>>> print(open('upload_0.cif').read())   # mmCIF, C-alpha atoms
data_upload
loop_
_atom_site.label_atom_id
_atom_site.label_comp_id
_atom_site.auth_asym_id
_atom_site.auth_seq_id
_atom_site.Cartn_x
_atom_site.Cartn_y
_atom_site.Cartn_z
CA MET C 1 -85.55 45.60 -5.37
CA ALA C 2 -88.69 46.80 -3.71
CA GLY C 3 -88.86 50.43 -2.75
CA TYR C 4 -91.85 52.65 -2.46
CA GLU C 5 -92.65 56.31 -1.95
CA LEU C 6 -95.23 57.45 0.53
CA PRO C 7 -97.36 60.52 0.00
CA GLU C 8 -96.75 62.50 3.19
CA PRO C 9 -97.23 66.10 4.21
CA ALA C 10 -94.34 68.18 2.94
CA ASP C 11 -93.94 69.99 6.25
CA ARG C 12 -91.87 67.36 8.07
CA LYS C 13 -92.03 63.95 6.45
CA ARG C 14 -90.18 63.28 3.22
CA PRO C 15 -90.01 59.74 1.84
CA VAL C 16 -87.03 58.61 -0.14
CA ALA C 17 -87.17 55.36 -2.02
CA ASP C 18 -86.34 53.55 -5.22
CA ARG C 19 -86.97 56.03 -8.00
CA SER C 20 -87.27 53.28 -10.62
CA ALA C 21 -90.69 52.22 -9.31
CA PRO C 22 -93.63 53.67 -11.24
CA SER C 23 -94.68 56.81 -9.42
CA GLY C 24 -98.44 56.35 -9.79
CA SER C 25 -98.60 52.87 -8.29
CA ALA C 26 -96.04 53.63 -5.56
CA GLU C 27 -98.08 56.51 -4.18
CA GLU C 28 -101.24 54.43 -4.08
CA SER C 29 -99.70 51.20 -2.76
CA CYS C 30 -97.60 52.37 0.17
CA SER C 31 -99.71 54.18 2.70
CA PRO C 32 -99.94 53.27 6.40
CA GLN C 33 -103.18 51.48 5.50
CA ASP C 34 -101.41 49.25 2.93
CA PRO C 35 -101.64 45.67 4.24
CA VAL C 36 -97.98 45.04 3.37
CA PHE C 37 -96.77 47.83 5.65
CA ARG C 38 -99.52 47.74 8.27
CA HIS C 39 -98.11 45.71 11.17
CA GLY C 40 -94.69 45.93 9.57
CA ILE C 41 -91.28 46.22 11.18
CA VAL C 42 -89.83 49.69 11.88
CA VAL C 43 -86.03 49.95 11.89
CA GLY C 44 -83.94 52.98 12.74
CA PHE C 45 -81.14 53.40 10.22
CA ASP C 46 -78.28 55.90 10.02
CA GLY C 47 -75.72 53.92 8.05
CA SER C 48 -73.59 52.96 11.06
CA THR C 49 -72.36 49.42 11.67
CA SER C 50 -74.86 48.77 14.45
CA ALA C 51 -77.67 50.16 12.28
CA GLU C 52 -76.66 47.81 9.45
CA ARG C 53 -76.82 44.87 11.86
CA ALA C 54 -80.24 46.06 13.06
CA LEU C 55 -81.41 46.35 9.45
CA ALA C 56 -80.23 42.82 8.66
CA TYR C 57 -82.10 41.49 11.69
CA ALA C 58 -85.22 43.48 10.76
CA VAL C 59 -85.11 42.09 7.20
CA GLY C 60 -85.16 38.57 8.64
CA MET C 61 -88.08 39.45 10.90
CA ALA C 62 -90.03 40.98 8.01
CA VAL C 63 -89.41 37.99 5.74
CA ARG C 64 -90.52 35.53 8.44
CA ALA C 65 -93.61 37.61 9.26
CA GLY C 66 -94.46 38.28 5.61
CA CYS C 67 -94.72 42.02 6.16
CA GLY C 68 -93.05 45.19 4.95
CA LEU C 69 -90.05 46.98 6.36
CA ILE C 70 -90.28 50.65 7.30
CA ILE C 71 -86.75 52.05 7.42
CA VAL C 72 -86.54 55.39 9.23
CA HIS C 73 -83.66 57.85 9.08
CA VAL C 74 -84.05 60.55 11.69
CA ALA C 75 -82.11 63.69 10.98
CA ASN C 76 -81.50 65.08 14.45
CA ARG C 77 -82.33 68.75 14.03
CA LEU C 78 -82.72 69.70 17.65
CA PRO C 79 -80.16 71.75 19.52
CA THR C 80 -78.12 70.08 22.26
CA THR C 81 -80.23 71.77 24.95
CA VAL C 82 -82.98 69.23 24.21
CA TRP C 83 -80.64 66.33 24.88
CA ALA C 84 -79.95 67.81 28.29
CA GLY C 85 -83.70 67.91 29.02
CA CYS C 86 -84.39 71.58 28.26
CA GLU C 87 -86.99 72.89 25.85
CA PRO C 88 -85.65 73.92 22.44
CA PRO C 89 -85.65 77.64 21.68
CA ALA C 90 -86.54 76.90 18.04
CA LEU C 91 -86.55 73.90 15.75
CA ILE C 92 -84.07 74.47 12.97
CA ASP C 93 -84.96 72.56 9.80
CA VAL C 94 -81.74 71.99 7.89
CA PRO C 95 -81.94 69.74 4.82
CA ASP C 96 -80.21 66.42 5.42
CA HIS C 97 -78.82 64.98 2.21
CA ARG C 98 -77.64 61.90 4.10
CA THR C 99 -81.10 60.35 3.67
CA GLU C 100 -80.80 60.50 -0.11
CA VAL C 101 -77.38 58.83 0.05
CA LEU C 102 -78.75 56.12 2.36
CA GLY C 103 -81.70 55.61 0.00
CA LEU C 104 -79.38 55.02 -2.93
CA GLU C 105 -77.27 52.58 -0.90
CA LEU C 106 -80.37 50.69 0.20
CA ALA C 107 -81.76 50.58 -3.35
CA CYS C 108 -78.58 48.80 -4.45
CA ALA C 109 -78.59 46.33 -1.53
CA ASP C 110 -79.31 42.75 -2.59
CA TYR C 111 -80.55 41.64 0.83
CA LEU C 112 -83.56 43.99 0.59
CA ALA C 113 -84.81 42.34 -2.62
CA ASP C 114 -86.91 39.79 -0.70
CA VAL C 115 -88.97 42.25 1.30
CA PRO C 116 -91.03 45.33 0.42
CA TRP C 117 -89.48 48.38 2.07
CA VAL C 118 -89.73 52.12 2.30
CA LEU C 119 -87.28 54.72 3.59
CA LEU C 120 -88.73 57.64 5.54
CA GLU C 121 -86.92 60.76 6.65
CA ARG C 122 -88.01 62.40 9.85
CA GLY C 123 -86.58 65.28 11.79
CA GLY C 124 -86.43 65.70 15.55
CA ASP C 125 -85.95 63.43 18.52
CA ILE C 126 -85.00 59.95 17.39
CA CYS C 127 -87.01 58.07 20.03
CA HIS C 128 -90.14 60.13 19.48
CA GLU C 129 -89.98 59.81 15.70
CA LEU C 130 -89.40 56.04 15.70
CA GLU C 131 -92.32 55.55 18.06
CA GLU C 132 -94.49 57.91 15.97
CA VAL C 133 -93.77 55.91 12.80
CA GLY C 134 -94.51 52.72 14.72
CA ARG C 135 -97.85 54.16 15.79
CA GLU C 136 -98.75 55.38 12.29
CA TYR C 137 -98.06 51.99 10.75
CA ALA C 138 -99.28 49.93 13.74
CA ALA C 139 -95.87 48.27 13.67
CA ASP C 140 -95.32 44.95 15.36
CA ALA C 141 -91.81 45.93 16.52
CA ILE C 142 -89.10 48.57 16.37
CA VAL C 143 -85.54 47.40 15.73
CA VAL C 144 -82.54 49.61 16.60
CA GLY C 145 -78.83 49.18 17.03
CA THR C 146 -76.94 50.09 20.17
CA THR C 147 -74.81 53.18 20.64
CA GLN C 148 -71.39 52.94 22.23
CA GLY C 149 -69.34 55.79 23.58
CA LEU C 150 -69.13 58.60 26.06
CA LEU C 151 -72.14 60.58 24.83
CA GLY C 152 -74.35 57.54 25.26
CA ARG C 153 -73.19 57.14 28.84
CA LEU C 154 -73.73 60.81 29.64
CA PHE C 155 -77.09 61.45 27.97
CA GLY C 156 -78.45 57.92 27.68
CA THR C 157 -78.60 55.83 24.54
CA VAL C 158 -81.36 56.05 21.98
CA SER C 159 -82.09 52.35 22.43
CA GLY C 160 -82.34 52.71 26.21
CA ARG C 161 -84.71 55.67 26.00
CA LEU C 162 -86.79 53.93 23.34
CA VAL C 163 -87.13 50.77 25.43
CA ARG C 164 -88.43 52.82 28.36
CA ARG C 165 -90.98 54.88 26.42
CA ALA C 166 -92.16 52.73 23.47
CA GLN C 167 -95.66 51.29 23.35
CA ARG C 168 -94.58 48.28 21.27
CA PRO C 169 -91.76 45.72 21.44
CA VAL C 170 -88.26 47.10 20.87
CA VAL C 171 -85.46 44.84 19.68
CA VAL C 172 -81.97 46.17 20.42
CA ILE C 173 -79.17 44.70 18.33
CA PRO C 174 -75.61 44.97 19.71
#
>>> encode(input="upload_0.cif", output="structure tokens")
Amino acid sequence: MAGYELPEPADRKRPVADRSAPSGSAEESCSPQDPVFRHGIVVGFDGSTSAERALAYAVGMAVRAGCGLIIVHVANRLPTTVWAGCEPPALIDVPDHRTEVLGLELACADYLADVPWVLLERGGDICHELEEVGREYAADAIVVGTTQGLLGRLFGTVSGRLVRRAQRPVVVIP
């Protein structure tokens, strides 16, 4: 299993990764300038079925390209007024323990053993945060799963918004 921690500012970015890795080498070897993760593959992951399919596809891409996988869990901490296009009155930062649970599940996953990976937690708008991580790591692509349902039809899907605004290729997995 390959998991790494990134030293990030404590104000909004909190990495979660395999705790069994030595802490000294993980902090030094997994920055956006690390050649393994520079030009890596960014994948949005929330534990859903479509996100698992997107992760499996991204693992294949990373193995073929010989690069690292940057798995991003975005804890949506914005009020619903932002989804409707209004400005938020205040950003409420509520701890999301789901990222820690996802990190433990990913650390136990056998299919991630062949590729170096890191799990990042971000808070805010999903599209903005995925694109921001892609920019920081100069990612070759962003991989996301599709969203089905009424809310996606009303407010637009994350994948649809990301395809329209991203500055790098976006792969949408059904």
>>> resolve_selection(input="upload_0.cif", expression="the PyMOL selection byres ((chain C and resi 160) around 10)", output="list in words")
Cys127, Thr146, Thr147, Gly152, Gly156, Thr157, Val158, Ser159, Arg161, Leu162, Val163, Arg164, Arg165, Val170 and Val172 of chain C
>>> write_last_selection(input="upload_0.cif", atoms="C-alpha atoms", output="mmCIF file, keeping the file's coordinate frame")
data_model
loop_
_atom_site.group_PDB
_atom_site.id
_atom_site.type_symbol
_atom_site.label_atom_id
_atom_site.label_comp_id
_atom_site.auth_asym_id
_atom_site.auth_seq_id
_atom_site.Cartn_x
_atom_site.Cartn_y
_atom_site.Cartn_z
ATOM 1 C CA CYS C 127 -87.010 58.070 20.030
ATOM 2 C CA THR C 146 -76.940 50.090 20.170
ATOM 3 C CA THR C 147 -74.810 53.180 20.640
ATOM 4 C CA GLY C 152 -74.350 57.540 25.260
ATOM 5 C CA GLY C 156 -78.450 57.920 27.680
ATOM 6 C CA THR C 157 -78.600 55.830 24.540
ATOM 7 C CA VAL C 158 -81.360 56.050 21.980
ATOM 8 C CA SER C 159 -82.090 52.350 22.430
ATOM 9 C CA ARG C 161 -84.710 55.670 26.000
ATOM 10 C CA LEU C 162 -86.790 53.930 23.340
ATOM 11 C CA VAL C 163 -87.130 50.770 25.430
ATOM 12 C CA ARG C 164 -88.430 52.820 28.360
ATOM 13 C CA ARG C 165 -90.980 54.880 26.420
ATOM 14 C CA VAL C 170 -88.260 47.100 20.870
ATOM 15 C CA VAL C 172 -81.970 46.170 20.420
#
>>> atom_distance(input="upload_0.cif", atom1="atom CA of Arg64 of chain C", atom2="atom CA of Glu100 of chain C")
28.1 Å
>>> atom_distance(input="upload_0.cif", atom1="atom CA of Ala107 of chain C", atom2="atom CA of Ala138 of chain C")
24.5 Å
>>> atom_distance(input="upload_0.cif", atom1="atom CA of Gly40 of chain C", atom2="atom CA of Pro116 of chain C")
9.9 Å
>>> closest_residue(input="upload_0.cif", among="C:Val36, C:Ala65, C:Val42, C:Cys108", to="Ile142 of chain C", atoms="only C-alpha atoms")
C:Val42
>>> closest_residue(input="upload_0.cif", among="C:Asp34, C:His39, C:Tyr57, C:Ala75", to="Val171 of chain C", atoms="only C-alpha atoms")
C:Tyr57
>>> resolve_selection(input="upload_0.cif", expression="the PyMOL selection byres ((chain C and resi 137) around 10)", output="PyMOL selection string")
chain C and resi 31-35+37-42+70+131-136+138-140
>>> closest_residue(input="upload_0.cif", among="C:Gly145, C:Gly66, C:Gly124, C:Pro169", to="Arg53 of chain C", atoms="all atoms listed in the file")
C:Gly145
>>> resolve_selection(input="upload_0.cif", expression="the PyMOL selection byres ((chain C and resi 45) around 7)", output="list of chain:residue names")
C:Val43, C:Gly44, C:Asp46, C:Gly47, C:Ala51, C:Ile71, C:Val72, C:His73
>>> build_atoms(input="upload_0.cif", residues="segment 97-120 of chain C", atoms="N, CA and C atoms", output="mmCIF file, in the frame of the given file")
data_model
loop_
_atom_site.group_PDB
_atom_site.id
_atom_site.type_symbol
_atom_site.label_atom_id
_atom_site.label_comp_id
_atom_site.auth_asym_id
_atom_site.auth_seq_id
_atom_site.Cartn_x
_atom_site.Cartn_y
_atom_site.Cartn_z
ATOM 1 N N HIS C 97 -79.009 65.729 3.431
ATOM 2 C CA HIS C 97 -78.820 64.980 2.210
ATOM 3 C C HIS C 97 -78.350 63.553 2.485
ATOM 4 N N ARG C 98 -78.076 63.249 3.730
ATOM 5 C CA ARG C 98 -77.640 61.900 4.100
ATOM 6 C C ARG C 98 -78.736 60.882 3.799
ATOM 7 N N THR C 99 -80.003 61.270 3.930
ATOM 8 C CA THR C 99 -81.100 60.350 3.670
ATOM 9 C C THR C 99 -81.108 59.922 2.204
ATOM 10 N N GLU C 100 -80.835 60.850 1.308
ATOM 11 C CA GLU C 100 -80.800 60.500 -0.110
ATOM 12 C C GLU C 100 -79.657 59.520 -0.399
ATOM 13 N N VAL C 101 -78.515 59.735 0.226
ATOM 14 C CA VAL C 101 -77.380 58.830 0.050
ATOM 15 C C VAL C 101 -77.730 57.448 0.600
ATOM 16 N N LEU C 102 -78.339 57.406 1.778
ATOM 17 C CA LEU C 102 -78.750 56.120 2.360
ATOM 18 C C LEU C 102 -79.768 55.431 1.472
ATOM 19 N N GLY C 103 -80.694 56.188 0.892
ATOM 20 C CA GLY C 103 -81.700 55.610 0.000
ATOM 21 C C GLY C 103 -81.071 54.959 -1.216
ATOM 22 N N LEU C 104 -80.066 55.610 -1.778
ATOM 23 C CA LEU C 104 -79.380 55.020 -2.930
ATOM 24 C C LEU C 104 -78.618 53.762 -2.542
ATOM 25 N N GLU C 105 -77.970 53.779 -1.375
ATOM 26 C CA GLU C 105 -77.270 52.580 -0.900
ATOM 27 C C GLU C 105 -78.241 51.429 -0.673
ATOM 28 N N LEU C 106 -79.391 51.730 -0.073
ATOM 29 C CA LEU C 106 -80.370 50.690 0.200
ATOM 30 C C LEU C 106 -80.991 50.154 -1.092
ATOM 31 N N ALA C 107 -81.186 51.015 -2.083
ATOM 32 C CA ALA C 107 -81.760 50.580 -3.350
ATOM 33 C C ALA C 107 -80.836 49.597 -4.068
ATOM 34 N N CYS C 108 -79.546 49.701 -3.820
ATOM 35 C CA CYS C 108 -78.580 48.800 -4.450
ATOM 36 C C CYS C 108 -78.311 47.546 -3.626
ATOM 37 N N ALA C 109 -78.856 47.462 -2.420
ATOM 38 C CA ALA C 109 -78.590 46.330 -1.530
ATOM 39 C C ALA C 109 -79.378 45.097 -1.974
ATOM 40 N N ASP C 110 -78.668 43.991 -2.154
ATOM 41 C CA ASP C 110 -79.310 42.750 -2.590
ATOM 42 C C ASP C 110 -80.186 42.131 -1.503
ATOM 43 N N TYR C 111 -79.810 42.298 -0.246
ATOM 44 C CA TYR C 111 -80.550 41.640 0.830
ATOM 45 C C TYR C 111 -81.929 42.251 1.062
ATOM 46 N N LEU C 112 -82.225 43.407 0.461
ATOM 47 C CA LEU C 112 -83.560 43.990 0.590
ATOM 48 C C LEU C 112 -84.490 43.573 -0.552
ATOM 49 N N ALA C 113 -84.003 42.738 -1.468
ATOM 50 C CA ALA C 113 -84.810 42.340 -2.620
ATOM 51 C C ALA C 113 -85.978 41.427 -2.230
ATOM 52 N N ASP C 114 -85.881 40.753 -1.098
ATOM 53 C CA ASP C 114 -86.910 39.790 -0.700
ATOM 54 C C ASP C 114 -88.038 40.378 0.115
ATOM 55 N N VAL C 115 -87.978 41.646 0.413
ATOM 56 C CA VAL C 115 -88.970 42.250 1.300
ATOM 57 C C VAL C 115 -89.358 43.631 0.763
ATOM 58 N N PRO C 116 -90.652 43.969 0.790
ATOM 59 C CA PRO C 116 -91.030 45.330 0.420
ATOM 60 C C PRO C 116 -90.561 46.303 1.502
ATOM 61 N N TRP C 117 -90.007 47.435 1.087
ATOM 62 C CA TRP C 117 -89.480 48.380 2.070
ATOM 63 C C TRP C 117 -89.705 49.801 1.605
ATOM 64 N N VAL C 118 -89.631 50.696 2.561
ATOM 65 C CA VAL C 118 -89.730 52.120 2.300
ATOM 66 C C VAL C 118 -88.773 52.827 3.235
ATOM 67 N N LEU C 119 -88.182 53.911 2.769
ATOM 68 C CA LEU C 119 -87.280 54.720 3.590
ATOM 69 C C LEU C 119 -87.949 56.052 3.857
ATOM 70 N N LEU C 120 -88.124 56.375 5.130
ATOM 71 C CA LEU C 120 -88.730 57.640 5.540
ATOM 72 C C LEU C 120 -87.683 58.516 6.190
#
